[in-house]
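Asker: Pasting structure-v4.txt below, which is compact mmCIF, C-alpha atoms.
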```
# COMPACT_ATOMS: atom_id res chain seq x y z
CA MET A 181 96.82 -77.67 -20.08
CA LYS A 182 97.80 -75.21 -17.33
CA LEU A 183 96.64 -72.27 -19.47
CA HIS A 184 93.23 -73.86 -20.02
CA LEU A 185 92.92 -74.53 -16.29
CA ALA A 186 93.83 -70.93 -15.37
CA ALA A 187 91.32 -69.57 -17.89
CA ALA A 188 88.58 -71.81 -16.49
CA ILE A 189 89.36 -70.63 -12.96
CA SER A 190 89.21 -66.97 -14.07
CA VAL A 191 85.85 -67.49 -15.76
CA PHE A 192 84.54 -69.20 -12.63
CA MET A 193 85.71 -66.34 -10.37
CA ILE A 194 84.16 -63.70 -12.61
CA THR A 195 80.89 -65.65 -12.73
CA ALA A 196 80.91 -66.02 -8.96
CA GLN A 197 81.53 -62.29 -8.46
CA MET A 198 78.71 -61.39 -10.87
CA ALA A 199 76.45 -63.78 -9.02
CA MET A 200 76.99 -61.65 -5.92
CA ALA A 201 76.14 -58.45 -7.85
CA LEU A 202 72.64 -57.18 -8.75
CA PRO A 203 69.92 -59.65 -9.76
CA LYS A 204 69.22 -59.96 -13.49
CA THR A 205 65.73 -58.57 -12.98
CA LEU A 206 64.17 -56.57 -10.18
CA GLU A 207 60.47 -56.98 -9.38
CA VAL A 208 59.01 -53.79 -7.90
CA GLN A 209 55.64 -53.46 -6.17
CA PHE A 210 54.14 -50.02 -5.49
CA PRO A 211 50.68 -48.46 -4.75
CA GLN A 212 48.27 -49.35 -7.59
CA ASP A 213 46.72 -45.86 -7.76
CA GLN A 214 50.04 -44.22 -8.63
CA THR A 215 52.05 -43.71 -11.80
CA VAL A 216 55.76 -43.60 -11.06
CA TRP A 217 59.09 -43.34 -12.83
CA MET A 218 61.74 -45.81 -11.63
CA TRP A 219 65.48 -46.15 -12.04
CA VAL A 220 68.45 -47.70 -10.20
CA GLU A 221 71.36 -45.70 -8.78
CA GLY A 222 74.66 -46.47 -7.14
CA SER A 223 76.69 -44.59 -4.58
CA GLU A 224 76.77 -40.79 -4.90
CA ASN A 225 73.48 -41.02 -6.86
CA GLN A 226 75.19 -42.37 -9.98
CA PRO A 227 72.41 -43.63 -12.32
CA PHE A 228 72.72 -47.25 -13.52
CA THR A 229 69.51 -47.42 -15.59
CA PRO A 230 67.39 -44.87 -17.46
CA PRO A 231 64.02 -43.91 -15.90
CA GLN A 232 61.18 -46.30 -16.72
CA ARG A 233 57.47 -45.40 -16.40
CA ALA A 234 55.30 -47.86 -14.50
CA ASP A 235 51.70 -48.08 -13.32
CA GLY A 236 49.29 -50.76 -12.13
CA GLY A 237 51.19 -51.49 -8.94
CA GLN A 238 53.93 -53.74 -10.40
CA ALA A 239 56.98 -53.34 -12.68
CA THR A 240 60.07 -55.29 -13.74
CA LEU A 241 63.49 -53.65 -14.18
CA LYS A 242 66.20 -55.46 -16.15
CA LEU A 243 69.61 -55.18 -14.47
CA ASP A 244 71.69 -57.81 -16.27
CA ALA A 245 73.27 -55.13 -18.47
CA VAL A 246 74.48 -53.29 -15.34
CA ASN A 247 76.38 -56.36 -14.13
CA LYS A 248 77.92 -56.90 -17.57
CA ARG A 249 79.00 -53.27 -17.74
CA PHE A 250 81.07 -53.53 -14.55
CA GLY A 251 82.24 -57.10 -15.10
CA ALA A 252 84.52 -58.32 -12.31
CA ASP A 253 83.90 -55.09 -10.36
CA ALA A 254 80.11 -55.51 -10.38
CA GLU A 255 79.89 -56.52 -6.72
CA LEU A 256 81.97 -53.51 -5.59
CA LYS A 257 80.31 -51.01 -7.90
CA THR A 258 76.74 -52.06 -7.07
CA SER A 259 77.08 -52.70 -3.34
CA ALA A 260 75.26 -49.44 -2.51
CA ALA A 261 72.66 -49.74 -5.28
CA HIS A 262 69.18 -48.41 -4.54
CA LEU A 263 65.87 -48.00 -6.34
CA CYS A 264 64.44 -44.52 -6.96
CA ALA A 265 60.68 -44.15 -7.53
CA LEU A 266 59.30 -40.71 -8.42
CA ASN A 267 55.60 -39.83 -8.24
CA THR A 268 55.32 -36.94 -10.73
CA ASP A 269 51.83 -35.99 -9.48
CA THR A 270 53.09 -35.15 -5.99
CA GLY A 271 56.77 -34.51 -6.75
CA ASN A 272 57.77 -36.93 -3.96
CA LEU A 273 60.60 -39.45 -4.26
CA ALA A 274 61.05 -42.87 -2.63
CA ILE A 275 64.57 -44.33 -2.20
CA LYS A 276 64.80 -48.03 -1.35
CA PRO A 277 68.01 -50.12 -1.01
CA ILE A 278 68.37 -53.24 -3.18
CA ALA A 279 69.36 -56.37 -1.29
CA ILE A 280 71.98 -58.56 -3.00
CA ASP A 281 70.14 -61.77 -2.10
CA SER A 282 66.70 -60.63 -3.26
CA ASN A 283 65.13 -59.57 -6.55
CA GLU A 284 62.08 -57.87 -5.00
CA VAL A 285 61.52 -54.36 -3.67
CA VAL A 286 58.25 -53.10 -2.14
CA VAL A 287 57.55 -49.34 -2.24
CA ARG A 288 54.78 -48.08 0.08
CA ASN A 289 53.05 -44.71 0.34
CA GLU A 290 55.06 -43.76 3.42
CA ASP A 291 58.32 -44.34 1.50
CA PHE A 292 57.67 -41.25 -0.69
CA LYS A 293 59.23 -38.94 1.90
CA TYR A 294 61.73 -36.93 -0.14
CA ILE A 295 61.06 -33.73 -2.12
CA ASN A 296 62.47 -34.43 -5.55
CA ARG A 297 62.96 -30.71 -6.35
CA LEU A 298 62.50 -27.64 -4.16
CA THR A 299 62.85 -24.06 -5.45
CA ILE A 300 64.14 -21.25 -3.24
CA ARG A 301 63.23 -17.74 -4.47
CA VAL A 302 65.30 -14.98 -2.87
CA ILE A 303 63.84 -11.46 -3.10
CA ASP A 304 64.11 -8.08 -1.39
CA SER A 305 61.29 -6.10 0.25
CA LYS A 306 60.22 -4.67 -3.15
CA GLY A 307 60.00 -8.07 -4.81
CA TYR A 308 63.21 -7.80 -6.86
CA ALA A 309 65.44 -10.84 -7.27
CA VAL A 310 68.52 -10.91 -5.05
CA SER A 311 71.68 -11.26 -7.12
CA SER A 312 74.13 -12.73 -4.61
CA ALA A 313 73.98 -14.61 -1.32
CA VAL A 314 75.06 -17.82 0.37
CA LEU A 315 72.19 -20.10 1.40
CA THR A 316 72.34 -23.06 3.77
CA ILE A 317 69.36 -25.44 3.56
CA SER A 318 68.72 -28.20 6.09
CA ASP A 319 65.85 -30.64 6.67
CA SER A 320 64.45 -32.55 9.63
CA THR A 321 67.05 -35.35 9.27
CA GLY A 322 69.94 -32.92 9.67
CA LYS A 323 70.91 -33.14 6.01
CA SER A 324 72.39 -29.79 5.08
CA GLN A 325 73.84 -28.23 1.95
CA SER A 326 75.20 -24.78 1.18
CA MET A 327 74.74 -23.09 -2.17
CA VAL A 328 76.02 -19.87 -3.72
CA LEU A 329 73.47 -17.57 -5.39
CA THR A 330 74.93 -15.57 -8.30
CA PRO A 331 73.32 -13.17 -10.83
CA SER A 332 73.12 -15.99 -13.39
CA HIS A 333 70.61 -17.83 -11.17
CA GLY A 334 68.02 -15.08 -11.64
CA GLY A 335 67.12 -14.97 -7.94
CA HIS A 336 66.31 -18.66 -7.39
CA LEU A 337 68.07 -21.93 -6.57
CA ASP A 338 66.86 -25.53 -6.92
CA VAL A 339 67.53 -28.04 -4.15
CA PHE A 340 67.02 -31.78 -4.59
CA ARG A 341 66.06 -34.70 -2.34
CA MET A 342 65.31 -32.87 0.90
CA ARG A 343 63.16 -34.65 3.48
CA THR A 344 59.51 -33.53 3.71
CA GLY A 345 58.57 -31.59 6.85
CA LYS A 346 60.53 -28.73 8.41
CA ILE A 347 62.93 -26.90 6.09
CA ASN A 348 65.34 -24.39 7.61
CA LEU A 349 66.96 -21.66 5.49
CA ALA A 350 69.87 -19.47 6.58
CA GLY A 351 71.13 -16.74 4.28
CA LYS A 352 74.23 -14.53 4.40
CA TYR A 353 74.34 -11.49 2.15
CA GLY A 354 75.43 -7.86 1.80
CA ASP A 355 77.73 -6.40 4.43
CA ASN A 356 77.74 -9.23 6.98
CA LEU A 357 73.93 -9.45 7.08
CA SER A 358 71.99 -12.65 7.75
CA ALA A 359 68.45 -14.00 7.80
CA VAL A 360 66.88 -17.25 9.01
CA ILE A 361 63.44 -18.66 8.15
CA GLU A 362 61.61 -21.94 8.70
CA ALA A 363 59.02 -23.47 6.39
CA ASP A 364 56.84 -26.60 6.30
CA VAL A 365 56.81 -28.65 3.09
CA ASN A 366 54.43 -31.55 3.56
CA ALA A 367 54.16 -34.71 1.49
CA ASP A 368 50.50 -34.02 0.64
CA ARG A 369 51.14 -30.50 -0.77
CA ALA A 370 49.37 -29.23 -3.91
CA ASP A 371 52.46 -28.15 -5.88
CA PRO A 372 54.83 -30.94 -7.08
CA VAL A 373 57.68 -28.40 -7.12
CA PRO A 374 57.18 -26.33 -3.95
CA VAL A 375 58.55 -22.78 -3.82
CA ILE A 376 59.85 -21.15 -0.63
CA LYS A 377 60.24 -17.36 -0.73
CA MET A 378 63.08 -15.93 1.34
CA LEU A 379 62.79 -12.18 1.88
CA LEU A 380 66.03 -10.29 2.57
CA SER A 381 66.35 -6.71 3.81
CA SER A 382 67.36 -3.65 1.81
CA GLY A 383 71.03 -4.45 2.37
CA ALA A 384 70.96 -7.16 -0.32
CA SER A 385 72.17 -6.49 -3.86
CA VAL A 386 69.40 -7.13 -6.40
CA LEU A 387 68.81 -7.56 -10.11
CA SER A 388 66.82 -5.03 -12.13
CA THR A 389 63.97 -7.50 -12.61
CA LYS A 390 61.72 -9.62 -10.45
CA PRO A 391 62.03 -13.44 -10.29
CA GLY A 392 60.54 -15.11 -13.36
CA GLU A 393 60.98 -12.14 -15.70
CA ALA A 394 63.05 -13.01 -18.79
CA SER A 395 65.47 -10.14 -18.48
CA SER A 396 69.08 -9.79 -17.39
CA PRO A 397 70.35 -7.32 -14.79
CA ALA A 398 70.96 -3.85 -16.17
CA SER A 399 74.61 -3.98 -15.15
CA GLU A 400 75.18 -7.11 -17.24
CA SER A 401 73.58 -6.13 -20.51
CA GLU A 402 73.55 -3.23 -22.93
CA PRO A 403 70.68 -0.76 -22.72
CA THR A 404 67.75 -1.85 -24.89
CA ALA A 405 66.16 1.56 -25.48
CA LYS A 406 67.16 1.63 -29.16
CA SER A 407 65.73 -1.80 -29.88
CA GLN A 408 62.44 -0.83 -28.26
CA GLN A 409 61.90 2.47 -30.11
CA SER A 410 58.73 2.71 -32.16
CA ALA A 411 58.74 3.54 -35.85
CA PRO A 412 58.53 7.32 -36.53
CA VAL A 413 54.98 8.67 -36.93
CA HIS A 414 54.25 10.49 -40.23
CA PRO A 415 52.99 14.11 -39.76
CA LEU A 416 50.06 13.46 -42.11
CA ASN A 417 48.80 10.71 -39.81
CA VAL A 418 48.92 13.12 -36.88
CA LEU A 419 46.92 15.75 -38.82
CA LEU A 420 44.26 13.22 -39.84
CA GLY A 421 43.93 12.07 -36.25
CA LEU A 422 43.41 15.65 -35.02
CA LEU A 423 40.74 16.29 -37.70
CA VAL A 424 38.84 13.16 -36.67
CA LEU A 425 38.92 14.21 -33.00
CA ALA A 426 37.71 17.72 -33.90
CA GLY A 427 34.79 16.28 -35.90
CA ILE A 428 33.78 14.02 -33.02
CA GLY A 429 33.94 16.95 -30.60
CA TYR A 430 31.75 19.18 -32.80
CA GLY A 431 29.18 16.40 -33.21
CA VAL A 432 28.95 15.96 -29.44
CA TYR A 433 28.54 19.75 -29.01
CA ARG A 434 25.61 19.90 -31.52
CA VAL A 435 23.82 16.98 -29.86
CA LEU A 436 24.11 18.56 -26.42
CA LYS A 437 22.98 21.96 -27.70
CA ASN A 438 19.84 20.55 -29.42
CA ARG A 439 18.99 18.47 -26.37
CA ASP A 440 19.27 21.55 -24.14
CA ALA A 441 16.97 23.57 -26.45
CA SER A 442 14.37 20.79 -26.51
CA LEU A 443 14.42 20.52 -22.74
CA SER A 444 13.94 24.25 -22.35
CA GLY A 445 10.90 24.19 -24.67
CA VAL A 446 9.27 21.37 -22.73
CA LEU A 447 9.78 23.18 -19.43
CA LYS A 448 8.22 26.38 -20.79
CA GLN A 449 5.14 24.46 -22.02
CA LEU A 450 4.75 23.15 -18.45
CA GLY A 451 4.84 26.72 -17.11
CA VAL A 452 8.33 26.50 -15.70
CA ASP A 453 10.86 29.17 -16.57
CA PRO A 454 14.26 27.45 -16.67
CA ASN A 455 16.08 30.80 -16.50
CA ALA A 456 14.17 32.15 -13.50
CA GLU A 457 16.02 32.23 -10.21
CA GLU A 458 14.49 30.09 -7.52
CA GLN A 459 12.80 32.18 -4.86
CA ILE A 460 13.32 30.78 -1.41
CA PRO A 461 10.88 32.15 1.16
CA PRO A 462 12.44 33.48 4.35
CA LEU A 463 12.52 31.03 7.20
CA LYS A 464 10.14 31.65 10.04
CA ALA A 465 11.14 31.06 13.55
CA ILE A 466 9.54 27.92 14.91
CA LYS A 467 8.29 28.24 18.38
CA PRO A 468 8.57 25.12 20.42
CA GLU A 469 5.37 23.50 21.55
CA GLY A 470 4.45 23.86 25.15
CA LYS A 471 5.37 27.56 25.49
CA ALA A 472 3.42 29.41 28.11
CA PRO A 473 0.44 31.17 26.53
CA GLU A 474 0.37 34.93 26.00
CA GLY A 475 -0.24 36.90 29.15
CA VAL A 476 0.85 34.11 31.50
CA LYS A 477 3.74 35.03 33.75
CA VAL A 478 6.46 32.41 34.22
CA PRO A 479 8.15 32.48 37.63
CA GLU A 480 11.81 33.41 37.66
CA GLY A 481 14.12 30.40 37.30
CA HIS A 482 11.54 28.45 35.29
CA CYS A 483 11.58 27.51 31.59
CA PRO A 484 9.39 29.92 29.48
CA PHE A 485 8.46 26.96 27.19
CA CYS A 486 7.46 24.13 29.50
CA GLY A 487 7.12 26.06 32.76
CA LYS A 488 9.30 23.60 34.70
CA PRO A 489 12.24 24.63 36.86
CA LYS A 490 15.32 25.03 34.65
CA GLU A 491 17.20 22.22 36.44
CA GLU A 492 14.37 19.83 35.50
CA CYS A 493 13.78 21.25 32.01
CA GLU A 494 14.59 19.00 29.02
CA CYS A 495 14.08 21.67 26.31
CA ASN A 496 17.64 22.93 25.96
CA LYS A 497 19.45 19.63 26.48
CA PRO A 498 21.27 18.39 23.33
CA ALA A 499 20.00 15.25 21.68
CA GLN A 500 21.88 12.13 22.75
CA MET A 501 23.66 10.25 20.00
CA PRO A 502 23.44 6.46 20.11
CA VAL A 503 26.53 4.90 21.57
CA SER A 504 27.93 1.95 19.69
CA ALA A 505 28.64 -1.19 21.66
CA PRO A 506 32.29 -1.60 22.59
CA SER A 507 34.28 -4.14 20.60
CA ILE A 508 34.67 -7.49 22.30
CA ALA A 509 38.16 -8.99 22.29
CA SER A 510 38.64 -12.66 21.50
CA THR A 511 38.39 -14.91 24.54
CA ALA A 512 38.96 -18.24 22.79
CA LYS A 513 41.21 -20.67 24.63
CA PHE A 514 44.18 -22.57 23.23
CA ALA A 515 43.59 -26.26 22.50
CA ALA A 516 47.33 -26.86 21.99
CA SER A 517 50.60 -24.95 21.91
CA PRO A 518 50.15 -21.57 20.16
CA VAL A 519 51.41 -21.20 16.58
CA LEU A 520 52.32 -17.92 14.88
CA VAL A 521 51.47 -18.05 11.16
CA GLY A 522 52.92 -15.48 8.76
CA VAL A 523 50.37 -13.16 7.10
CA SER A 524 52.44 -10.36 5.54
CA ALA A 525 54.49 -11.15 2.41
CA ASN A 526 57.87 -11.17 4.16
CA VAL A 527 56.80 -14.03 6.49
CA GLY A 528 54.28 -15.77 4.22
CA SER A 529 55.84 -19.22 4.74
CA VAL A 530 56.54 -18.95 8.51
CA ARG A 531 54.86 -21.23 11.09
CA PHE A 532 56.43 -20.75 14.53
CA THR A 533 55.28 -23.00 17.38
CA VAL A 534 55.61 -21.07 20.64
CA PRO A 535 57.56 -23.18 23.16
CA GLU A 536 56.85 -23.39 26.88
CA GLY A 537 58.26 -20.44 28.79
CA GLU A 538 59.74 -17.28 27.29
CA SER A 539 60.39 -16.55 23.58
CA ILE A 540 61.82 -13.42 21.97
CA LEU A 541 60.75 -12.11 18.55
CA GLY A 542 62.96 -9.65 16.71
CA ARG A 543 65.44 -8.99 13.94
CA ASP A 544 68.45 -10.38 15.82
CA SER A 545 69.49 -13.89 14.79
CA SER A 546 69.60 -14.96 18.45
CA CYS A 547 65.80 -14.56 18.76
CA GLN A 548 63.63 -17.69 18.90
CA LEU A 549 61.72 -16.22 15.90
CA ALA A 550 64.19 -14.11 13.92
CA ILE A 551 62.60 -11.71 11.41
CA GLY A 552 65.67 -10.58 9.53
CA ASP A 553 63.89 -9.20 6.50
CA ASP A 554 61.97 -6.26 7.99
CA SER A 555 63.93 -3.15 8.97
CA THR A 556 60.91 -1.85 10.95
CA VAL A 557 61.34 -4.72 13.43
CA SER A 558 63.71 -4.00 16.35
CA ARG A 559 66.54 -6.37 17.24
CA LEU A 560 64.70 -7.47 20.41
CA HIS A 561 61.12 -6.44 19.64
CA LEU A 562 58.58 -8.55 21.57
CA GLN A 563 58.52 -11.08 24.41
CA LEU A 564 56.07 -14.01 24.45
CA VAL A 565 55.42 -16.10 27.57
CA TRP A 566 53.48 -19.39 27.18
CA GLN A 567 52.67 -20.72 30.64
CA ALA A 568 49.66 -22.41 32.27
CA GLN A 569 47.71 -22.41 28.96
CA THR A 570 48.07 -18.61 28.75
CA LEU A 571 50.00 -16.68 26.10
CA THR A 572 51.17 -13.21 27.11
CA ALA A 573 52.87 -10.65 24.81
CA LYS A 574 55.02 -7.74 26.01
CA ASP A 575 56.63 -5.06 23.84
CA LEU A 576 60.34 -4.66 24.69
CA GLY A 577 60.51 -0.92 23.98
CA SER A 578 60.67 -1.40 20.21
CA ALA A 579 61.24 1.60 17.93
CA ASN A 580 58.09 1.11 15.85
CA GLY A 581 55.90 -0.53 18.49
CA SER A 582 53.65 -3.59 18.51
CA ARG A 583 49.91 -3.90 17.89
CA VAL A 584 47.29 -6.57 18.46
CA ASN A 585 44.10 -6.41 16.38
CA GLY A 586 45.06 -2.86 15.41
CA GLN A 587 45.44 -1.63 19.02
CA THR A 588 48.76 -0.54 20.50
CA LEU A 589 50.24 -3.33 22.60
CA THR A 590 52.32 -2.77 25.73
CA GLN A 591 51.46 -6.02 27.51
CA ALA A 592 48.40 -8.16 26.85
CA GLU A 593 47.08 -11.71 26.80
CA LEU A 594 46.75 -13.22 23.30
CA HIS A 595 44.05 -15.59 22.05
CA PRO A 596 43.53 -17.73 18.92
CA GLY A 597 42.58 -15.53 15.98
CA ASP A 598 44.41 -12.42 17.21
CA MET A 599 46.47 -10.49 14.61
CA LEU A 600 49.91 -9.55 15.99
CA GLN A 601 51.91 -6.80 14.25
CA LEU A 602 55.60 -6.02 14.77
CA GLY A 603 56.59 -2.99 12.70
CA THR A 604 55.13 -3.93 9.29
CA THR A 605 55.33 -7.69 9.90
CA VAL A 606 51.93 -9.32 10.59
CA LEU A 607 51.42 -12.74 12.25
CA ARG A 608 48.20 -14.59 13.09
CA VAL A 609 47.86 -16.43 16.41
CA GLU A 610 46.53 -20.00 16.09
CA GLY A 611 46.22 -22.88 18.48
```
Show me this structure written as structure tokens.
Answerer:
Amino acid sequence: MKLHLAAAISVFMITAQMAMALPKTLEVQFPQDQTVWMWVEGSENQPFTPPQRADGGQATLKLDAVNKRFGADAELKTSAAHLCALNTDTGNLAIKPIAIDSNEVVVRNEDFKYINRLTIRVIDSKGYAVSSAVLTISDSTGKSQSMVLTPSHGGHLDVFRMRTGKINLAGKYGDNLSAVIEADVNADRADPVPVIKMLLSSGASVLSTKPGEASSPASESEPTAKSQQSAPVHPLNVLLGLLVLAGIGYGVYRVLKNRDASLSGVLKQLGVDPNAEEQIPPLKAIKPEGKAPEGVKVPEGHCPFCGKPKEECECNKPAQMPVSAPSIASTAKFAASPVLVGVSANVGSVRFTVPEGESILGRDSSCQLAIGDDSTVSRLHLQLVWQAQTLTAKDLGSANGSRVNGQTLTQAELHPGDMLQLGTTVLRVEG
């Protein structure tokens, strides 16, 4: 009797614990114009259910099997359960917690705020894949992760579940070298799997191929020259090819010769001797109009052509060439804080909002905008001052100088649309 009672109590406790676990079914509502893939995860992103495709704005996920799998530990194992919804068209992911006392979850457009997969391509100034580096990636929430790039990665790393918006990348490579870039990855981007290119200087070790090429580094594979050799060419084939070329050449020669003879005959019939040298009559001196007539004496100090005093004479003055209008610099005003947008390849993903006051641009990592991937940029290259709706640029004695709209810059006021060049790095001023 006691054994039966103990067994009944155990069954009751297990049932009670499972009742506090996940609901048997989960009703999910999401935007009707989207097709999503849904699954349920636990802590540390451990998947509980396989992905299930859903469209039409509503789906039902069966979770009873999850509770049975964990049994008496279901409440503990599923306490941090959450729903993942992936929009494959945009590549954005929504993560929503599952309440123990509810079997409904609502996913809205604004919930798709995570980048499911982000690719970082690391290259040098010549476009070759970097073989080794340590990258630290962080998003606007402060979430950060460090990853090691090795030759087996082929110059790129994949990062998952970063928040949309500002993405900061810091790389360490070579002999204690570093680079920092910032990129914007918005939720409404065109590419479901966005790619950020990080350009490192010549101090980085690289592979023998560029990212995306299906080839291994030369140091890690045997030379492939033997496998790529063409089959030997038979001498008879070479001889036949030369004979064909000779025949074509002779045919072209005969056609040109006959055409020349025909042309000569036609010219002779027209009374033109094609072999006669062209006689060019000697040039006669042209006397300017207005010269004093014969027998008229011109007073000393007067022009012999127009008769005017030489200081008033226009005869010998050189013709005036038209003068082109000077170029007009941009005078557009800033509607908001200025933004520097990368134009050259090494800063193609950079958008730097100029803060109030003073900012320094240069290769040093302490600069407000650090350009660590261009050796032509000095450590402290350029000073920007944004004050009273005016943006002023001043070169800090850089080795390779600064230019604005192609003109050498020492100190000048910048306007929207101006092209700013530091070494070989080019940025466009917007605002």
Asker: Take atom CA of A:Thr215 and atom CA of A:Phe340 and report the distance between them in Å, one decimal.
Answerer: 20.5 Å
Asker: Using only C-alpha atoms and a cutoff of 10 Å, can you tell me which residues are near (60.6, -21.7, 5.2) in the file's coordinates, and write them out as a PDB file with C-alpha atoms, in the frame of the given file?
Answerer:
```pdb
ATOM      1  CA  ILE A 300      64.140 -21.250  -3.240  1.00  0.00           C
ATOM      2  CA  ILE A 317      69.360 -25.440   3.560  1.00  0.00           C
ATOM      3  CA  LYS A 346      60.530 -28.730   8.410  1.00  0.00           C
ATOM      4  CA  ILE A 347      62.930 -26.900   6.090  1.00  0.00           C
ATOM      5  CA  ASN A 348      65.340 -24.390   7.610  1.00  0.00           C
ATOM      6  CA  LEU A 349      66.960 -21.660   5.490  1.00  0.00           C
ATOM      7  CA  ALA A 350      69.870 -19.470   6.580  1.00  0.00           C
ATOM      8  CA  VAL A 360      66.880 -17.250   9.010  1.00  0.00           C
ATOM      9  CA  ILE A 361      63.440 -18.660   8.150  1.00  0.00           C
ATOM     10  CA  GLU A 362      61.610 -21.940   8.700  1.00  0.00           C
ATOM     11  CA  ALA A 363      59.020 -23.470   6.390  1.00  0.00           C
ATOM     12  CA  ASP A 364      56.840 -26.600   6.300  1.00  0.00           C
ATOM     13  CA  VAL A 365      56.810 -28.650   3.090  1.00  0.00           C
ATOM     14  CA  VAL A 375      58.550 -22.780  -3.820  1.00  0.00           C
ATOM     15  CA  ILE A 376      59.850 -21.150  -0.630  1.00  0.00           C
ATOM     16  CA  LYS A 377      60.240 -17.360  -0.730  1.00  0.00           C
ATOM     17  CA  MET A 378      63.080 -15.930   1.340  1.00  0.00           C
ATOM     18  CA  VAL A 527      56.800 -14.030   6.490  1.00  0.00           C
ATOM     19  CA  GLY A 528      54.280 -15.770   4.220  1.00  0.00           C
ATOM     20  CA  SER A 529      55.840 -19.220   4.740  1.00  0.00           C
ATOM     21  CA  VAL A 530      56.540 -18.950   8.510  1.00  0.00           C
ATOM     22  CA  ARG A 531      54.860 -21.230  11.090  1.00  0.00           C
TER      23      ARG A 531
END
```
Asker: Grab the atom CA of A:Val216 to atom CA of A:Arg369 distance for me, in Å with one decimal place.
Answerer: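 Computing the Euclidean distance for atom CA of A:Val216 and atom CA of A:Arg369 yields 17.3 Å.
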Asker: So which one's closest to A:Asn247, A:Pro203, A:Gly222, A:Ser546, A:Trp217? Using all atoms listed in the file, please.
Answerer: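 Closest to A:Asn247, using all atoms listed in the file: A:Pro203.
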Asker: Using only C-alpha atoms, pick whichever of A:Pro331, A:Pro211, A:Gly236, A:Pro227 has the shortest atom-to-atom distance to A:Arg288.
Answerer: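 With only C-alpha atoms as the atom set, the closest residue is A:Pro211.
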Asker: Need to verify the contact set: A:Thr590, 10 Å, only C-alpha atoms, exclusion of same-chain residues closer than 6 positions in sequence. Can you return it as a tab-separated table (two decimals) with C-alpha atoms, keeping the file's coordinate frame?
Answerer:
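So the final result, stored in part-v1.tsv, reads:
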```
chain	number	residue	atom	x	y	z
A	562	LEU	CA	58.58	-8.55	21.57
A	573	ALA	CA	52.87	-10.65	24.81
A	574	LYS	CA	55.02	-7.74	26.01
A	575	ASP	CA	56.63	-5.06	23.84
A	576	LEU	CA	60.34	-4.66	24.69
A	577	GLY	CA	60.51	-0.92	23.98
A	581	GLY	CA	55.90	-0.53	18.49
A	582	SER	CA	53.65	-3.59	18.51
A	583	ARG	CA	49.91	-3.90	17.89
A	584	VAL	CA	47.29	-6.57	18.46
```
Asker: Under the rule that all atoms listed in the file are counted, which of A:Val609, A:Asp235, A:Leu206, A:Lys242 is the nearest residue to A:Asp281?
Answerer: A:Leu206
Asker: A:Asn283, A:Asn296, A:Thr604, A:Ser324: which is nearest A:Thr270, counting all atoms listed in the file?
Answerer: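 With all atoms listed in the file as the atom set, the closest residue is A:Asn296.
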Asker: Which residues come within 6 Å of A:Thr344, counting all atoms listed in the file, excluding same-chain residues fewer than 3 positions away, as a PyMOL selection string?
Answerer: chain A and resi 293-294+365-367
Asker: Could you jot down the atom CA of A:Asp355 to atom CA of A:Leu549 separation for me, Å, one decimal place?
Answerer: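 Distance reported for this atom pair: 22.0 Å.
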Asker: Compare A:Thr299, A:Ser320, A:Gln325, A:Ser358 by their minimum atom-to-atom distance to A:Ser545, counting all atoms listed in the file, and give me the closest one.
Answerer: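 Among the listed residues, A:Ser358 lies closest to A:Ser545.
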Asker: Calculated over all atoms listed in the file, which of the candidates A:Gln232, A:Asn585, A:Ser282, A:Ser382 has the smallest distance to A:Lys306?
Answerer: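 Using all atoms listed in the file, A:Lys306 sits closest to A:Ser382.
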Asker: Might you pull out every residue within 12 Å of A:Asn289, with only C-alpha atoms counted and same-chain residues fewer than 6 positions away left off, and present them as a list of chain:residue names?
Answerer: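 Using only C-alpha atoms, the neighbours found are A:Gln209, A:Phe210, A:Pro211, A:Gln212, A:Asp213, A:Gln214, A:Val216, A:Gly237, A:Ala265, A:Leu266, A:Asn267, A:Thr270, A:Asn272, A:Leu273, A:Ala274, A:Ile275, A:Ala367, A:Asp368.
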